[in-house]
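Listing of entry-v5.pdb, PDB, C-alpha atoms and all ligand atoms
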```
ATOM      1  CA  MET N   1      43.522 159.216 159.914
ATOM      2  CA  LEU N   2      43.105 162.928 159.448
ATOM      3  CA  LEU N   3      44.790 163.610 162.747
ATOM      4  CA  HIS N   4      48.033 161.919 161.846
ATOM      5  CA  ARG N   5      50.051 165.151 162.045
ATOM      6  CA  PHE N   6      48.806 165.831 165.544
ATOM      7  CA  PRO N   7      50.425 164.028 168.467
ATOM      8  CA  GLN N   8      48.199 161.172 169.599
ATOM      9  CA  ASN N   9      48.637 161.986 173.309
ATOM     10  CA  VAL N  10      47.304 165.512 172.776
ATOM     11  CA  VAL N  11      44.251 164.107 171.034
ATOM     12  CA  ALA N  12      43.749 161.643 173.888
ATOM     13  CA  LEU N  13      44.117 164.436 176.475
ATOM     14  CA  ALA N  14      41.610 166.615 174.632
ATOM     15  CA  SER N  15      39.052 163.787 174.489
ATOM     16  CA  MET N  16      39.569 163.044 178.204
ATOM     17  CA  LEU N  17      39.061 166.708 179.160
ATOM     18  CA  PHE N  18      35.990 166.797 176.960
ATOM     19  CA  LEU N  19      34.462 163.749 178.682
ATOM     20  CA  GLN N  20      35.310 165.050 182.156
ATOM     21  CA  THR N  21      33.713 168.417 181.379
ATOM     22  CA  LEU N  22      30.656 166.635 180.081
ATOM     23  CA  PHE N  23      30.448 164.563 183.270
ATOM     24  CA  VAL N  24      30.818 167.591 185.579
ATOM     25  CA  LEU N  25      28.309 169.666 183.668
ATOM     26  CA  ARG N  26      25.785 166.853 183.662
ATOM     27  CA  ARG N  27      26.108 166.470 187.460
ATOM     28  CA  LEU N  28      25.585 170.215 187.902
ATOM     29  CA  GLY N  29      22.703 170.240 185.462
ATOM     30  CA  ASN N  30      24.398 173.295 184.026
ATOM     31  CA  PRO N  31      22.819 175.060 181.018
ATOM     32  CA  THR N  32      26.312 175.904 179.661
ATOM     33  CA  LEU N  33      26.087 172.384 178.285
ATOM     34  CA  LEU N  34      24.834 174.219 175.200
ATOM     35  CA  LEU N  35      28.366 175.554 174.694
ATOM     36  CA  LEU N  36      29.821 172.106 174.192
ATOM     37  CA  PRO N  37      29.625 172.210 170.389
ATOM     38  CA  VAL N  38      32.067 175.140 170.541
ATOM     39  CA  LEU N  39      34.627 172.844 172.151
ATOM     40  CA  VAL N  40      34.096 170.296 169.406
ATOM     41  CA  LEU N  41      34.544 172.963 166.716
ATOM     42  CA  ALA N  42      37.758 174.102 168.356
ATOM     43  CA  VAL N  43      39.205 170.649 167.751
ATOM     44  CA  GLU N  44      38.066 170.551 164.115
ATOM     45  CA  PRO N  45      40.752 172.817 162.500
ATOM     46  CA  LEU N  46      43.422 170.299 163.505
ATOM     47  CA  ARG N  47      42.318 168.276 160.485
ATOM     48  CA  ALA N  48      45.392 167.987 158.334
ATOM     49  CA  GLU N  49      44.952 168.943 154.714
ATOM     50  CA  LEU N  50      47.997 169.610 152.611
ATOM     51  CA  ASN N  51      48.309 172.757 150.550
ATOM     52  CA  VAL N  52      50.091 172.267 147.258
ATOM     53  CA  VAL N  53      50.962 175.324 145.159
ATOM     54  CA  ALA N  54      52.174 174.796 141.587
ATOM     55  CA  THR N  55      53.497 177.597 139.403
ATOM     56  CA  THR N  56      51.612 176.424 136.291
ATOM     57  CA  THR N  57      48.327 174.687 135.494
ATOM     58  CA  ASP N  58      50.127 171.729 133.909
ATOM     59  CA  LEU N  59      52.012 170.953 137.110
ATOM     60  CA  GLY N  60      48.804 171.625 139.046
ATOM     61  CA  SER N  61      46.886 169.126 136.925
ATOM     62  CA  ILE N  62      49.475 166.380 137.474
ATOM     63  CA  ALA N  63      49.752 167.212 141.194
ATOM     64  CA  ARG N  64      45.976 166.806 141.493
ATOM     65  CA  GLU N  65      46.206 163.316 139.982
ATOM     66  CA  ILE N  66      48.910 162.268 142.450
ATOM     67  CA  ALA N  67      47.506 163.958 145.573
ATOM     68  CA  GLY N  68      43.899 162.841 145.031
ATOM     69  CA  ASP N  69      41.742 164.150 147.876
ATOM     70  CA  LEU N  70      44.677 164.375 150.299
ATOM     71  CA  ALA N  71      45.634 167.892 149.254
ATOM     72  CA  LYS N  72      44.251 171.133 147.986
ATOM     73  CA  VAL N  73      46.127 171.985 144.780
ATOM     74  CA  THR N  74      46.236 175.471 143.268
ATOM     75  CA  SER N  75      48.340 176.943 140.476
ATOM     76  CA  ILE N  76      49.592 180.504 140.126
ATOM     77  CA  ALA N  77      49.944 181.229 136.378
ATOM     78  CA  LYS N  78      46.715 180.800 134.453
ATOM     79  CA  GLY N  79      46.860 178.655 131.328
ATOM     80  CA  TYR N  80      46.231 181.678 129.125
ATOM     81  CA  GLN N  81      49.126 183.667 130.634
ATOM     82  CA  ASP N  82      52.749 183.570 129.513
ATOM     83  CA  PRO N  83      54.461 181.712 132.387
ATOM     84  CA  HIS N  84      57.702 183.607 131.712
ATOM     85  CA  PHE N  85      56.031 186.850 132.782
ATOM     86  CA  ILE N  86      53.569 186.802 135.682
ATOM     87  CA  ASP N  87      52.698 189.792 137.861
ATOM     88  CA  ALA N  88      53.155 188.699 141.455
ATOM     89  CA  LYS N  89      50.029 189.489 143.474
ATOM     90  CA  PRO N  90      49.866 189.674 147.288
ATOM     91  CA  SER N  91      47.411 186.765 147.263
ATOM     92  CA  TYR N  92      50.147 184.521 145.796
ATOM     93  CA  LEU N  93      52.319 185.344 148.784
ATOM     94  CA  VAL N  94      49.557 184.312 151.186
ATOM     95  CA  ARG N  95      49.217 181.004 149.354
ATOM     96  CA  LEU N  96      52.956 180.355 149.549
ATOM     97  CA  GLN N  97      53.005 181.177 153.250
ATOM     98  CA  ARG N  98      50.481 178.381 153.806
ATOM     99  CA  ALA N  99      51.973 175.921 151.315
ATOM    100  CA  ASP N 100      53.265 172.499 152.342
ATOM    101  CA  LEU N 101      54.559 171.779 148.857
ATOM    102  CA  PHE N 102      55.730 174.166 146.112
ATOM    103  CA  VAL N 103      56.113 172.754 142.599
ATOM    104  CA  LEU N 104      57.837 174.700 139.831
ATOM    105  CA  VAL N 105      58.849 174.112 136.199
ATOM    106  CA  GLY N 106      62.411 175.265 136.929
ATOM    107  CA  MET N 107      65.148 175.899 134.333
ATOM    108  CA  ASP N 108      64.513 179.570 135.151
ATOM    109  CA  LEU N 109      61.108 179.590 133.387
ATOM    110  CA  GLU N 110      59.681 181.432 136.427
ATOM    111  CA  ARG N 111      62.840 183.458 137.061
ATOM    112  CA  GLY N 112      61.035 186.803 136.733
ATOM    113  CA  TRP N 113      58.582 186.173 139.553
ATOM    114  CA  ALA N 114      58.896 182.934 141.566
ATOM    115  CA  PRO N 115      62.208 183.466 143.423
ATOM    116  CA  ASN N 116      60.974 186.744 144.926
ATOM    117  CA  LEU N 117      57.652 185.256 145.965
ATOM    118  CA  LEU N 118      59.426 182.296 147.553
ATOM    119  CA  MET N 119      61.828 184.477 149.491
ATOM    120  CA  ASN N 120      59.098 186.812 150.740
ATOM    121  CA  SER N 121      56.895 183.902 151.828
ATOM    122  CA  ARG N 122      59.415 183.161 154.615
ATOM    123  CA  ASN N 123      58.130 179.605 154.541
ATOM    124  CA  ALA N 124      61.317 177.633 155.240
ATOM    125  CA  LYS N 125      59.778 174.311 154.220
ATOM    126  CA  ILE N 126      59.275 175.280 150.564
ATOM    127  CA  GLN N 127      62.587 177.039 149.918
ATOM    128  CA  ARG N 128      65.038 175.400 147.498
ATOM    129  CA  GLY N 129      66.461 172.374 149.282
ATOM    130  CA  GLY N 130      63.534 172.168 151.693
ATOM    131  CA  ALA N 131      61.315 169.066 151.953
ATOM    132  CA  GLY N 132      58.432 170.937 150.326
ATOM    133  CA  TYR N 133      60.341 172.209 147.274
ATOM    134  CA  VAL N 134      59.841 170.306 144.014
ATOM    135  CA  ASP N 135      61.732 171.251 140.857
ATOM    136  CA  ALA N 136      59.698 169.228 138.354
ATOM    137  CA  SER N 137      62.486 169.377 135.748
ATOM    138  CA  GLU N 138      64.782 167.122 137.765
ATOM    139  CA  GLY N 139      65.678 164.119 135.606
ATOM    140  CA  VAL N 140      64.177 165.512 132.382
ATOM    141  CA  ASP N 141      66.304 165.186 129.226
ATOM    142  CA  LYS N 142      66.759 168.875 128.526
ATOM    143  CA  LEU N 143      66.904 170.326 125.026
ATOM    144  CA  GLN N 144      68.844 173.352 123.713
ATOM    145  CA  ILE N 145      71.188 173.625 126.693
ATOM    146  CA  PRO N 146      73.490 176.483 125.648
ATOM    147  CA  VAL N 147      77.231 176.002 125.650
ATOM    148  CA  ALA N 148      79.107 178.288 128.064
ATOM    149  CA  ALA N 149      78.720 182.016 127.414
ATOM    150  CA  ASP N 150      76.384 181.387 124.461
ATOM    151  CA  ARG N 151      73.568 183.922 124.538
ATOM    152  CA  THR N 152      71.926 182.839 121.294
ATOM    153  CA  MET N 153      69.007 181.304 123.163
ATOM    154  CA  GLY N 154      67.957 184.785 124.304
ATOM    155  CA  ASP N 155      67.462 185.921 127.861
ATOM    156  CA  ILE N 156      64.532 183.777 128.875
ATOM    157  CA  HIS N 157      65.835 180.274 128.096
ATOM    158  CA  PRO N 158      69.230 180.508 129.812
ATOM    159  CA  TYR N 159      69.418 176.853 130.941
ATOM    160  CA  GLY N 160      67.984 175.299 127.815
ATOM    161  CA  ASN N 161      64.400 175.161 126.661
ATOM    162  CA  PRO N 162      62.100 174.990 129.716
ATOM    163  CA  HIS N 163      58.874 173.965 127.902
ATOM    164  CA  TYR N 164      59.477 170.255 128.610
ATOM    165  CA  TRP N 165      55.973 169.540 129.919
ATOM    166  CA  LEU N 166      54.847 169.685 126.271
ATOM    167  CA  ASP N 167      56.358 166.260 125.690
ATOM    168  CA  PRO N 168      53.722 164.125 127.427
ATOM    169  CA  ALA N 169      56.335 161.408 128.044
ATOM    170  CA  ASN N 170      57.954 163.894 130.447
ATOM    171  CA  GLY N 171      54.696 163.675 132.414
ATOM    172  CA  ARG N 172      56.162 160.477 133.899
ATOM    173  CA  ILE N 173      59.125 162.350 135.379
ATOM    174  CA  ILE N 174      57.042 165.326 136.541
ATOM    175  CA  ALA N 175      54.584 162.990 138.279
ATOM    176  CA  ALA N 176      57.361 161.005 139.976
ATOM    177  CA  ASN N 177      59.002 164.218 141.233
ATOM    178  CA  ILE N 178      55.691 165.440 142.653
ATOM    179  CA  ALA N 179      54.947 162.059 144.271
ATOM    180  CA  ALA N 180      58.388 162.094 145.929
ATOM    181  CA  GLY N 181      57.705 165.590 147.275
ATOM    182  CA  LEU N 182      54.289 164.628 148.649
ATOM    183  CA  ILE N 183      55.794 161.602 150.374
ATOM    184  CA  ARG N 184      58.539 163.786 151.923
ATOM    185  CA  VAL N 185      56.029 166.186 153.480
ATOM    186  CA  ASP N 186      53.325 163.602 154.243
ATOM    187  CA  PRO N 187      54.972 160.182 154.712
ATOM    188  CA  ALA N 188      51.893 158.815 156.493
ATOM    189  CA  HIS N 189      50.089 158.654 153.136
ATOM    190  CA  ALA N 190      52.998 157.307 151.077
ATOM    191  CA  GLN N 191      51.055 154.260 149.933
ATOM    192  CA  GLU N 192      48.199 156.373 148.594
ATOM    193  CA  TYR N 193      50.543 158.672 146.677
ATOM    194  CA  GLU N 194      52.362 155.668 145.222
ATOM    195  CA  ALA N 195      49.088 154.066 144.144
ATOM    196  CA  ASN N 196      47.918 157.331 142.543
ATOM    197  CA  LEU N 197      51.251 157.624 140.733
ATOM    198  CA  ARG N 198      50.897 154.075 139.341
ATOM    199  CA  ALA N 199      47.349 154.805 138.150
ATOM    200  CA  PHE N 200      48.462 158.062 136.484
ATOM    201  CA  LEU N 201      51.396 156.352 134.745
ATOM    202  CA  ALA N 202      49.141 153.578 133.426
ATOM    203  CA  ARG N 203      46.717 156.120 131.961
ATOM    204  CA  LEU N 204      49.621 158.079 130.494
ATOM    205  CA  GLU N 205      51.149 154.999 128.797
ATOM    206  CA  ALA N 206      47.809 154.214 127.141
ATOM    207  CA  ALA N 207      47.431 157.828 125.994
ATOM    208  CA  LEU N 208      51.016 157.961 124.667
ATOM    209  CA  ALA N 209      50.329 154.937 122.457
ATOM    210  CA  ARG N 210      47.132 156.532 121.162
ATOM    211  CA  TRP N 211      48.836 159.890 120.495
ATOM    212  CA  ALA N 212      51.764 158.258 118.673
ATOM    213  CA  GLU N 213      49.297 156.598 116.314
ATOM    214  CA  ASP N 214      47.387 159.843 115.682
ATOM    215  CA  ALA N 215      50.583 161.834 115.139
ATOM    216  CA  ALA N 216      51.959 159.554 112.420
ATOM    217  CA  ALA N 217      50.406 161.974 109.908
ATOM    218  CA  LEU N 218      52.617 164.801 111.224
ATOM    219  CA  GLU N 219      55.875 163.060 110.318
ATOM    220  CA  GLY N 220      58.159 165.482 108.466
ATOM    221  CA  LEU N 221      55.804 168.469 108.692
ATOM    222  CA  ALA N 222      57.604 171.852 108.826
ATOM    223  CA  VAL N 223      55.938 174.790 110.583
ATOM    224  CA  VAL N 224      56.748 178.241 111.915
ATOM    225  CA  ALA N 225      56.119 178.896 115.617
ATOM    226  CA  TYR N 226      55.691 182.222 117.370
ATOM    227  CA  HIS N 227      57.847 181.399 120.421
ATOM    228  CA  ASP N 228      60.160 178.386 120.653
ATOM    229  CA  SER N 229      57.709 176.608 122.972
ATOM    230  CA  TRP N 230      57.412 173.335 121.119
ATOM    231  CA  PRO N 231      60.757 171.505 120.722
ATOM    232  CA  TYR N 232      59.737 168.714 123.143
ATOM    233  CA  PHE N 233      56.309 168.396 121.542
ATOM    234  CA  GLU N 234      57.931 168.383 118.064
ATOM    235  CA  GLN N 235      60.437 165.717 119.039
ATOM    236  CA  ARG N 236      57.696 163.497 120.427
ATOM    237  CA  PHE N 237      55.389 163.826 117.435
ATOM    238  CA  GLY N 238      57.838 163.986 114.520
ATOM    239  CA  PHE N 239      57.388 167.461 113.085
ATOM    240  CA  GLU N 240      59.601 170.545 113.239
ATOM    241  CA  ALA N 241      59.369 174.288 113.786
ATOM    242  CA  VAL N 242      61.982 175.523 111.299
ATOM    243  CA  ALA N 243      61.644 179.241 112.067
ATOM    244  CA  PHE N 244      60.144 181.519 114.711
ATOM    245  CA  VAL N 245      58.252 184.800 114.728
ATOM    246  CA  GLU N 246      60.457 185.861 117.656
ATOM    247  CA  PRO N 247      64.051 186.244 116.431
ATOM    248  CA  LYS N 248      65.133 185.041 119.887
ATOM    249  CA  PRO N 249      62.937 183.802 122.743
ATOM    250  CA  GLY N 250      61.306 186.827 124.377
ATOM    251  CA  ILE N 251      62.435 189.288 121.664
ATOM    252  CA  PRO N 252      59.722 190.793 119.405
ATOM    253  CA  PRO N 253      60.411 190.815 115.631
ATOM    254  CA  SER N 254      61.366 193.894 113.619
ATOM    255  CA  GLY N 255      59.663 194.729 110.303
ATOM    256  CA  ARG N 256      62.767 193.618 108.459
ATOM    257  CA  TYR N 257      62.853 190.275 110.280
ATOM    258  CA  ILE N 258      59.173 189.711 109.453
ATOM    259  CA  ALA N 259      59.737 190.428 105.753
ATOM    260  CA  ALA N 260      62.593 187.901 105.614
ATOM    261  CA  LEU N 261      60.503 185.325 107.481
ATOM    262  CA  VAL N 262      57.609 185.720 105.024
ATOM    263  CA  GLU N 263      60.002 185.142 102.087
ATOM    264  CA  GLU N 264      61.425 182.052 103.738
ATOM    265  CA  MET N 265      57.935 180.672 104.397
ATOM    266  CA  LYS N 266      56.914 181.192 100.786
ATOM    267  CA  SER N 267      60.024 179.564  99.369
ATOM    268  CA  ARG N 268      59.748 176.567 101.730
ATOM    269  CA  ARG N 269      55.969 176.399 101.322
ATOM    270  CA  ILE N 270      55.315 176.487 105.040
ATOM    271  CA  SER N 271      51.594 176.614 105.552
ATOM    272  CA  ILE N 272      51.228 176.559 109.361
ATOM    273  CA  ILE N 273      52.096 179.119 112.050
ATOM    274  CA  LEU N 274      51.790 177.786 115.591
ATOM    275  CA  MET N 275      50.396 180.427 117.856
ATOM    276  CA  THR N 276      49.515 180.725 121.544
ATOM    277  CA  SER N 277      46.837 183.136 122.710
ATOM    278  CA  PHE N 278      49.173 185.367 124.762
ATOM    279  CA  TYR N 279      51.404 186.387 121.845
ATOM    280  CA  SER N 280      50.653 189.309 119.537
ATOM    281  CA  SER N 281      47.909 188.153 117.217
ATOM    282  CA  LYS N 282      48.419 191.306 115.157
ATOM    283  CA  THR N 283      51.962 190.277 114.200
ATOM    284  CA  ALA N 284      50.971 186.651 113.649
ATOM    285  CA  ARG N 285      47.990 187.635 111.461
ATOM    286  CA  LEU N 286      50.175 189.931 109.380
ATOM    287  CA  ILE N 287      52.660 187.122 108.723
ATOM    288  CA  ALA N 288      49.842 184.676 107.946
ATOM    289  CA  ARG N 289      48.270 187.099 105.486
ATOM    290  CA  GLN N 290      51.536 187.864 103.715
ATOM    291  CA  SER N 291      52.744 184.257 103.534
ATOM    292  CA  GLY N 292      49.387 182.599 102.889
ATOM    293  CA  ALA N 293      49.871 180.304 105.920
ATOM    294  CA  THR N 294      47.184 179.295 108.429
ATOM    295  CA  LEU N 295      47.385 180.374 112.061
ATOM    296  CA  VAL N 296      46.845 177.480 114.450
ATOM    297  CA  THR N 297      46.356 178.505 118.061
ATOM    298  CA  LEU N 298      47.404 175.733 120.441
ATOM    299  CA  GLY N 299      47.328 175.555 124.222
ATOM    300  CA  GLN N 300      50.760 175.918 125.753
ATOM    301  CA  SER N 301      49.246 174.901 129.085
ATOM    302  CA  VAL N 302      46.187 173.316 130.665
ATOM    303  CA  ASP N 303      43.280 175.806 130.567
ATOM    304  CA  GLY N 304      45.101 177.772 127.858
ATOM    305  CA  ILE N 305      42.610 176.767 125.200
ATOM    306  CA  ASP N 306      39.043 175.408 125.052
ATOM    307  CA  GLY N 307      38.961 171.684 125.719
ATOM    308  CA  ALA N 308      42.343 171.503 127.476
ATOM    309  CA  ASP N 309      40.981 170.904 130.966
ATOM    310  CA  ASP N 310      43.751 168.658 132.232
ATOM    311  CA  TYR N 311      47.136 167.276 131.206
ATOM    312  CA  PHE N 312      45.560 164.570 129.018
ATOM    313  CA  SER N 313      43.054 166.735 127.179
ATOM    314  CA  LEU N 314      45.790 169.342 126.538
ATOM    315  CA  PHE N 315      47.444 166.859 124.138
ATOM    316  CA  ASP N 316      44.153 165.545 122.744
ATOM    317  CA  THR N 317      43.170 169.106 121.842
ATOM    318  CA  ASN N 318      46.546 170.270 120.499
ATOM    319  CA  LEU N 319      47.053 167.174 118.362
ATOM    320  CA  SER N 320      43.598 167.317 116.842
ATOM    321  CA  LEU N 321      44.001 171.029 115.952
ATOM    322  CA  LEU N 322      47.418 170.461 114.414
ATOM    323  CA  LEU N 323      46.317 167.364 112.486
ATOM    324  CA  GLN N 324      43.344 169.212 111.084
ATOM    325  CA  ALA N 325      45.566 172.107 109.921
ATOM    326  CA  ALA N 326      48.096 169.673 108.406
ATOM    327  CA  ARG N 327      45.346 167.878 106.465
ATOM    328  CA  GLU N 328      43.999 171.150 105.135
ATOM    329  CA  GLY N 329      47.366 172.726 104.315
ATOM    330  CA  GLN N 330      49.590 169.750 103.456
ATOM    331  CA  GLY N 331      52.115 172.195 104.865
ATOM    332  CA  GLY N 332      55.807 172.441 104.146
ATOM    333  CA  ARG N 333      56.707 168.961 102.917
TER     334      ARG N 333
HETATM  335 ZN    ZN G   1      59.879 180.067 126.587
END
```

Kindly return the structure encoded in the file as structure tokens.
Ligand SMILES: [Zn+2]
Amino acid sequence: MLLHRFPQNVVALASMLFLQTLFVLRRLGNPTLLLLPVLVLAVEPLRAELNVVATTTDLGSIAREIAGDLAKVTSIAKGYQDPHFIDAKPSYLVRLQRADLFVLVGMDLERGWAPNLLMNSRNAKIQRGGAGYVDASEGVDKLQIPVAADRTMGDIHPYGNPHYWLDPANGRIIAANIAAGLIRVDPAHAQEYEANLRAFLARLEAALARWAEDAAALEGLAVVAYHDSWPYFEQRFGFEAVAFVEPKPGIPPSGRYIAALVEEMKSRRISIILMTSFYSSKTARLIARQSGATLVTLGQSVDGIDGADDYFSLFDTNLSLLLQAAREGQGGR
């Protein structure tokens, strides 16, 4: 099974040579018989294991569910790093050179670092349009797509808001895109990938029903968010970020902007600021202190916060933190 990517006749030839050598050596009573394990080891690296490289931990987590033990899955951005801005390390290039499948968020989320890495990897298979290239956003209902020549979304959300993985219902589309990619590069295991996809979707449907029930208490809640990371999460769970600490995505606030934001929060009685660990806690704490609101630090990605170990526990953790803050603050109704 593991040799499926290696021509059967070559395997047969190798086994025949091996047996003939064994036969000759036995007749000669040759002590080099001790070297035979070396021959066996030389055949071993032909074992086919797929290398999947995802740009983020969320995509990595879903890819792991679909690939099972048929692939080694790694992700480049850590969950506690801002995926818009990652410093490309030489080790990422090595991983891309060896990758069979490359999975990215797309919508230019990784614009600052992924295109260069991809190009320099010189791995034709994983370039855009190649069998091993998966844009996980394909088929997602995208929010905040700017009209032509509209720059109001800032420089880092040019094709709409790219944080779509934060609606867990989009997990269905991400998983299907990854499964299709795995089947393209490894058709021999199509049935396994399809079965893993079905199992993932069944678990996700059950979790979505549970989350919808939990989130009923968030209906109508108004919050302030640091970065506009949450529109898909908000839409799914019925609350709304009505203002942002960043005046535009990727742009830090001025003192004047902060003062106006604090006034707005007071007059609208907004009691929650959604925060992610990689944004300036100094700015967020200042706004919290001046407005009287509570800072709630959520995970924007898997491994971005304690307890968010995979795609499912990311939502378990975020929802429970937000619900707790909403109960305590009765914020912004
Ligand atoms: Zn963003």

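Our summary of the geometry notes that CA of Ala259 (chain N) is positioned 14.1 Å from CA of Ala293 (chain N).
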
Exercise for review: Please write the residues picked by the PyMOL selection byres (((not hetatm)) within 10 of (chain G and resi 1)) on this file as a list in words.
Suggested key: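 Selection result, ordered by chain and number: Asp82, Pro83, His84, Phe85, Asp108, Leu109, Glu110, Met153, Gly154, Asp155, Ile156, His157, Pro158, Gly160, Asn161, Pro162, His163, His227, Asp228, Ser229, Trp230, Lys248, Pro249 and Gly250 of chain N.
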
Point to revise | Residue IDs satisfying the PyMOL selection byres (((chain N and resi 286) around 12) and not hetatm), as a list in words | key: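 With the shown file as input, the PyMOL selection byres (((chain N and resi 286) around 12) and not hetatm) matches Val245, Gly255, Ile258, Ala259, Leu261, Val262, Ile273, Ser280, Ser281, Lys282, Thr283, Ala284, Arg285, Ile287, Ala288, Arg289, Gln290, Ser291, Gly292, Ala293, Thr294 and Leu295 of chain N.
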
Closest contacts (region 237-329 of chain N/region 169-178 of chain N, max 12 Å, only C-alpha atoms) as CSV:
```
residue,atom,partner,partner_atom,distance
N:Phe237,CA,N:Ala169,CA,10.9
N:Tyr311,CA,N:Gly171,CA,8.5
N:Phe312,CA,N:Gly171,CA,9.8
N:Phe315,CA,N:Ala169,CA,11.1
```

Practice item. Considering all atoms listed in the file, return as a PyMOL selection string whatever protein or nucleic-acid residues lie within 12 Å of Ala326 (chain N), sequence-local ones (same chain, fewer than 6 positions apart) excluded. Key: chain N and resi 215-223+239+270-274+293-296+319-320+332-333

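Pairwise distance (CA of Ile126 (chain N), CA of Leu96 (chain N)) equals 8.2 Å.
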
Check your understanding: How far is it from CA of Leu59 (chain N) to CA of Val224 (chain N), in Å with one decimal?
Key ->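 Distance reported for this atom pair: 26.7 Å.
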
**Study point:** Test item: the PyMOL selection byres (((chain N and resi 185-195) around 10) and not hetatm) resolved as a PyMOL selection string
**Key:** chain N and resi 1+4-5+48-50+65-68+70+100-101+125+130-133+176+178-184+196-201

**Study point:** Given only C-alpha atoms as the counted atoms, nearest of N:Leu204, N:Leu323, N:Ala260, N:Ala225 to Tyr279 (chain N)
**Key:** N:Ala225

Practice item. Would you mind telling me which residue in N:Ala202, N:Tyr164, N:Arg98, N:Thr57 lies nearest to Asn123 (chain N) when using only C-alpha atoms? Key: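 Answer, going by the shortest atom-to-atom distance: N:Arg98.
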
Point to revise | Residue neighbourhood Ser277 (chain N), 12 Å, only C-alpha atoms, exclusion window fewer than 6 positions, as a PyMOL selection string | key: chain N and resi 78-82+226-227+284+295-301+303-306

First collect every listed atom of region 48-64 of chain N; then fit an axis-aligned box around them, widen it by 5 Å on each side, and give centre and edge lengths in Å to one decimal, as lines of an AutoDock Vina configuration file.
```
center_x = 49.2
center_y = 172.0
center_z = 146.1
size_x = 18.5
size_y = 21.2
size_z = 34.4
```
